[in-house]
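Working notes, beginning with the structure itself.
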Amino acid sequence: MDIDEKYMREALREALAALEEGEIPIGAIVVFKGRIIGKGHNMTERLHDPTAHAEMIAITAATEAMGGKYLNDCTLYVTVEPCPMCAGGLNWAQIGRVVYGAIDPRRGYSMFTPSLLHPKTEVSAGVLAEECGALMTDFFKSKR
């Protein structure tokens with residue numbers, strides 16, 4: 001298993017925690033020098049907060065751990081492509097790299113040109129995409 005898959009599995013654990021709480025199953029972690037310094041999963045229902053996305057919670061935890069607002073030497077792993085709001089937060093944090101699993105063709109940031117991410121942010125897409133996407137598909141099927 002490569003390093004991106006290893007950390008995406010950690011993000012999937014966070015997504016499963018969201019699922020157990022009845023939240024949309026998206027999970028995120030932030031890694032700095034091989035150590036997880038922030039993690040989160042969707043909490044919009046629990047907190048009654050539409051901004052409580054997995055990425056935003058992970059960013060907040062990571063910046064607290066780093067003692068500053070910039071995450072340029074960090075990588076965010078998230079199970080689903082970030083939305084425009086989260087991409088904006090990642091831009092302001094100047095995250096060094098974003099790795100995501102499933103593409104979100106309806107609400108993903110990549111539908112916007114120019115990119116909403118910081119210009120220096122590297123992106124890798126499709127890591128464990130089938131597993132990440134299946135969690136979302138199964139969740140929404142159960143709601144219909």
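Letters A, B, ... go to the chains of the structure tokens in the order shown; residues in each chain start at 1; ligands are counted from 1 in the same order.
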
Residue set, stretch 70-117 of chain A restricted to strand (DSSP E or B), as a list in words: Cys74, Thr75, Leu76, Tyr77, Val78, Thr79, Val80, Arg97, Val98, Val99, Tyr100, Gly101 and Ala102 of chain A

So that I can check the secondary structure, give me every residue of stretch 8-121 of chain A assigned helix (DSSP H, G or I) by backbone DSSP, as a PDB file with N, CA and C atoms, in the first residue's frame.
ATOM      1  N   MET A   8      -5.364   7.882   3.092  1.00  0.00           N
ATOM      2  CA  MET A   8      -6.767   7.942   2.669  1.00  0.00           C
ATOM      3  C   MET A   8      -7.598   6.962   3.496  1.00  0.00           C
ATOM      4  N   ARG A   9      -7.010   5.852   3.883  1.00  0.00           N
ATOM      5  CA  ARG A   9      -7.731   4.909   4.754  1.00  0.00           C
ATOM      6  C   ARG A   9      -8.053   5.568   6.106  1.00  0.00           C
ATOM      7  N   GLU A  10      -7.159   6.412   6.592  1.00  0.00           N
ATOM      8  CA  GLU A  10      -7.434   7.161   7.821  1.00  0.00           C
ATOM      9  C   GLU A  10      -8.600   8.137   7.602  1.00  0.00           C
ATOM     10  N   ALA A  11      -8.616   8.789   6.451  1.00  0.00           N
ATOM     11  CA  ALA A  11      -9.726   9.688   6.128  1.00  0.00           C
ATOM     12  C   ALA A  11     -11.030   8.896   6.015  1.00  0.00           C
ATOM     13  N   LEU A  12     -10.957   7.696   5.458  1.00  0.00           N
ATOM     14  CA  LEU A  12     -12.151   6.837   5.371  1.00  0.00           C
ATOM     15  C   LEU A  12     -12.664   6.475   6.761  1.00  0.00           C
ATOM     16  N   ARG A  13     -11.770   6.278   7.727  1.00  0.00           N
ATOM     17  CA  ARG A  13     -12.212   6.009   9.115  1.00  0.00           C
ATOM     18  C   ARG A  13     -13.026   7.193   9.645  1.00  0.00           C
ATOM     19  N   GLU A  14     -12.564   8.388   9.336  1.00  0.00           N
ATOM     20  CA  GLU A  14     -13.315   9.582   9.738  1.00  0.00           C
ATOM     21  C   GLU A  14     -14.679   9.617   9.038  1.00  0.00           C
ATOM     22  N   ALA A  15     -14.713   9.249   7.755  1.00  0.00           N
ATOM     23  CA  ALA A  15     -15.984   9.226   7.016  1.00  0.00           C
ATOM     24  C   ALA A  15     -16.952   8.232   7.641  1.00  0.00           C
ATOM     25  N   LEU A  16     -16.438   7.095   8.088  1.00  0.00           N
ATOM     26  CA  LEU A  16     -17.295   6.100   8.748  1.00  0.00           C
ATOM     27  C   LEU A  16     -17.830   6.626  10.075  1.00  0.00           C
ATOM     28  N   ALA A  17     -17.032   7.425  10.778  1.00  0.00           N
ATOM     29  CA  ALA A  17     -17.507   8.054  12.019  1.00  0.00           C
ATOM     30  C   ALA A  17     -18.671   8.991  11.711  1.00  0.00           C
ATOM     31  N   ALA A  18     -18.561   9.738  10.606  1.00  0.00           N
ATOM     32  CA  ALA A  18     -19.664  10.618  10.192  1.00  0.00           C
ATOM     33  C   ALA A  18     -20.906   9.794   9.891  1.00  0.00           C
ATOM     34  N   LEU A  19     -20.728   8.701   9.174  1.00  0.00           N
ATOM     35  CA  LEU A  19     -21.854   7.825   8.820  1.00  0.00           C
ATOM     36  C   LEU A  19     -22.554   7.308  10.071  1.00  0.00           C
ATOM     37  N   GLU A  20     -21.792   6.890  11.067  1.00  0.00           N
ATOM     38  CA  GLU A  20     -22.361   6.386  12.316  1.00  0.00           C
ATOM     39  C   GLU A  20     -23.191   7.451  13.033  1.00  0.00           C
ATOM     40  N   THR A  44     -22.253  18.783  10.209  1.00  0.00           N
ATOM     41  CA  THR A  44     -23.227  19.841   9.945  1.00  0.00           C
ATOM     42  C   THR A  44     -24.538  19.622  10.691  1.00  0.00           C
ATOM     43  N   GLU A  45     -24.967  18.385  10.815  1.00  0.00           N
ATOM     44  CA  GLU A  45     -26.218  18.089  11.524  1.00  0.00           C
ATOM     45  C   GLU A  45     -26.045  18.265  13.033  1.00  0.00           C
ATOM     46  N   ARG A  46     -24.992  17.683  13.569  1.00  0.00           N
ATOM     47  CA  ARG A  46     -24.763  17.739  15.021  1.00  0.00           C
ATOM     48  C   ARG A  46     -24.586  19.175  15.505  1.00  0.00           C
ATOM     49  N   LEU A  47     -23.828  19.970  14.759  1.00  0.00           N
ATOM     50  CA  LEU A  47     -23.534  21.334  15.180  1.00  0.00           C
ATOM     51  C   LEU A  47     -24.529  22.364  14.639  1.00  0.00           C
ATOM     52  N   ALA A  54     -15.941  18.323   6.878  1.00  0.00           N
ATOM     53  CA  ALA A  54     -14.769  17.574   7.340  1.00  0.00           C
ATOM     54  C   ALA A  54     -13.476  18.356   7.154  1.00  0.00           C
ATOM     55  N   GLU A  55     -13.322  18.971   5.975  1.00  0.00           N
ATOM     56  CA  GLU A  55     -12.095  19.709   5.684  1.00  0.00           C
ATOM     57  C   GLU A  55     -11.911  20.895   6.621  1.00  0.00           C
ATOM     58  N   MET A  56     -12.987  21.628   6.876  1.00  0.00           N
ATOM     59  CA  MET A  56     -12.899  22.815   7.732  1.00  0.00           C
ATOM     60  C   MET A  56     -12.505  22.426   9.156  1.00  0.00           C
ATOM     61  N   ILE A  57     -13.063  21.338   9.636  1.00  0.00           N
ATOM     62  CA  ILE A  57     -12.745  20.872  10.987  1.00  0.00           C
ATOM     63  C   ILE A  57     -11.289  20.404  11.049  1.00  0.00           C
ATOM     64  N   ALA A  58     -10.839  19.702  10.021  1.00  0.00           N
ATOM     65  CA  ALA A  58      -9.449  19.238   9.971  1.00  0.00           C
ATOM     66  C   ALA A  58      -8.475  20.408   9.859  1.00  0.00           C
ATOM     67  N   ILE A  59      -8.823  21.430   9.064  1.00  0.00           N
ATOM     68  CA  ILE A  59      -7.978  22.620   8.932  1.00  0.00           C
ATOM     69  C   ILE A  59      -7.828  23.304  10.293  1.00  0.00           C
ATOM     70  N   THR A  60      -8.929  23.483  10.999  1.00  0.00           N
ATOM     71  CA  THR A  60      -8.891  24.144  12.307  1.00  0.00           C
ATOM     72  C   THR A  60      -8.002  23.378  13.281  1.00  0.00           C
ATOM     73  N   ALA A  61      -8.148  22.056  13.313  1.00  0.00           N
ATOM     74  CA  ALA A  61      -7.316  21.241  14.211  1.00  0.00           C
ATOM     75  C   ALA A  61      -5.841  21.331  13.817  1.00  0.00           C
ATOM     76  N   ALA A  62      -5.573  21.315  12.522  1.00  0.00           N
ATOM     77  CA  ALA A  62      -4.181  21.346  12.050  1.00  0.00           C
ATOM     78  C   ALA A  62      -3.515  22.692  12.314  1.00  0.00           C
ATOM     79  N   THR A  63      -4.231  23.778  12.078  1.00  0.00           N
ATOM     80  CA  THR A  63      -3.617  25.088  12.322  1.00  0.00           C
ATOM     81  C   THR A  63      -3.361  25.292  13.812  1.00  0.00           C
ATOM     82  N   GLU A  64      -4.235  24.755  14.638  1.00  0.00           N
ATOM     83  CA  GLU A  64      -4.007  24.822  16.080  1.00  0.00           C
ATOM     84  C   GLU A  64      -2.754  24.028  16.447  1.00  0.00           C
ATOM     85  N   ALA A  65      -2.613  22.837  15.870  1.00  0.00           N
ATOM     86  CA  ALA A  65      -1.440  21.999  16.151  1.00  0.00           C
ATOM     87  C   ALA A  65      -0.151  22.655  15.651  1.00  0.00           C
ATOM     88  N   MET A  66      -0.234  23.370  14.531  1.00  0.00           N
ATOM     89  CA  MET A  66       0.942  24.020  13.941  1.00  0.00           C
ATOM     90  C   MET A  66       1.250  25.356  14.627  1.00  0.00           C
ATOM     91  N   PRO A  84     -16.513  24.281  -3.038  1.00  0.00           N
ATOM     92  CA  PRO A  84     -15.902  25.609  -3.176  1.00  0.00           C
ATOM     93  C   PRO A  84     -15.575  26.280  -1.839  1.00  0.00           C
ATOM     94  N   MET A  85     -16.438  26.127  -0.831  1.00  0.00           N
ATOM     95  CA  MET A  85     -16.167  26.732   0.471  1.00  0.00           C
ATOM     96  C   MET A  85     -14.891  26.150   1.074  1.00  0.00           C
ATOM     97  N   CYS A  86     -14.773  24.836   1.046  1.00  0.00           N
ATOM     98  CA  CYS A  86     -13.600  24.186   1.627  1.00  0.00           C
ATOM     99  C   CYS A  86     -12.343  24.500   0.821  1.00  0.00           C
ATOM    100  N   ALA A  87     -12.469  24.567  -0.499  1.00  0.00           N
ATOM    101  CA  ALA A  87     -11.324  24.938  -1.334  1.00  0.00           C
ATOM    102  C   ALA A  87     -10.853  26.340  -0.969  1.00  0.00           C
ATOM    103  N   GLY A  88     -11.800  27.245  -0.690  1.00  0.00           N
ATOM    104  CA  GLY A  88     -11.431  28.585  -0.261  1.00  0.00           C
ATOM    105  C   GLY A  88     -10.678  28.566   1.055  1.00  0.00           C
ATOM    106  N   GLY A  89     -11.143  27.750   2.000  1.00  0.00           N
ATOM    107  CA  GLY A  89     -10.447  27.615   3.277  1.00  0.00           C
ATOM    108  C   GLY A  89      -9.051  27.041   3.102  1.00  0.00           C
ATOM    109  N   LEU A  90      -8.933  26.070   2.215  1.00  0.00           N
ATOM    110  CA  LEU A  90      -7.629  25.472   1.936  1.00  0.00           C
ATOM    111  C   LEU A  90      -6.705  26.489   1.262  1.00  0.00           C
ATOM    112  N   ASN A  91      -7.278  27.346   0.438  1.00  0.00           N
ATOM    113  CA  ASN A  91      -6.505  28.411  -0.201  1.00  0.00           C
ATOM    114  C   ASN A  91      -5.951  29.357   0.858  1.00  0.00           C
ATOM    115  N   TRP A  92      -6.814  29.812   1.765  1.00  0.00           N
ATOM    116  CA  TRP A  92      -6.371  30.745   2.803  1.00  0.00           C
ATOM    117  C   TRP A  92      -5.322  30.109   3.712  1.00  0.00           C
ATOM    118  N   ALA A  93      -5.420  28.805   3.936  1.00  0.00           N
ATOM    119  CA  ALA A  93      -4.429  28.098   4.754  1.00  0.00           C
ATOM    120  C   ALA A  93      -3.159  27.800   3.958  1.00  0.00           C
ATOM    121  N   TYR A 109     -14.986  21.655  -6.188  1.00  0.00           N
ATOM    122  CA  TYR A 109     -14.334  22.927  -6.524  1.00  0.00           C
ATOM    123  C   TYR A 109     -13.784  22.944  -7.948  1.00  0.00           C
ATOM    124  N   SER A 110     -13.486  21.764  -8.524  1.00  0.00           N
ATOM    125  CA  SER A 110     -12.797  21.725  -9.820  1.00  0.00           C
ATOM    126  C   SER A 110     -13.646  22.215 -10.985  1.00  0.00           C
ATOM    127  N   MET A 111     -14.923  22.438 -10.747  1.00  0.00           N
ATOM    128  CA  MET A 111     -15.761  22.962 -11.826  1.00  0.00           C
ATOM    129  C   MET A 111     -15.539  24.461 -12.020  1.00  0.00           C
TER     130      MET A 111
END

So that I can see what lies close to A:Val30, please list as a PyMOL selection string the residues with an atom at most 7 Å from it, counting only C-alpha atoms and leaving out residues fewer than 4 positions away in the same chain. chain A and resi 36-39+58+62+74-77

With only C-alpha atoms as the basis for distance, which of A:Cys132, A:Met1, A:Ile24, A:Ile103 is at the shortest distance from A:Thr79?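 So, comparing all the options, the nearest one is A:Cys132.
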
Top pick for closest residue to A:Gly22, considering A:Cys83, A:His41, A:Lys6, A:Gly133 and counting only C-alpha atoms: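 Of all the options, A:His41 lies closest to A:Gly22.
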
Of the listed residues A:Asp138, A:Asp73, A:Glu23, A:Glu131, that which approaches A:Tyr100 most closely, counting only C-alpha atoms: A:Glu131

Tell me which of A:Pro82, A:Gly67, A:Ile29, A:Pro50 sits closest to A:Ser115, counting only C-alpha atoms.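 Using only C-alpha atoms, A:Ser115 sits closest to A:Pro82.
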
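Using only C-alpha atoms, the smallest distance between any of A:Met136, A:Met43, A:Ala28, A:Leu116 and A:Asp104 comes from A:Met136.
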
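If you look at atom CA of A:Leu128 and atom CA of A:Glu5, they are 6.7 Å away from each other.
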
For each of A:Gly101, A:Pro25, A:Pro114, A:Gly96, take the minimum atom-to-atom distance to A:Ala129, counting only C-alpha atoms, then give the residue where this is smallest. A:Gly101
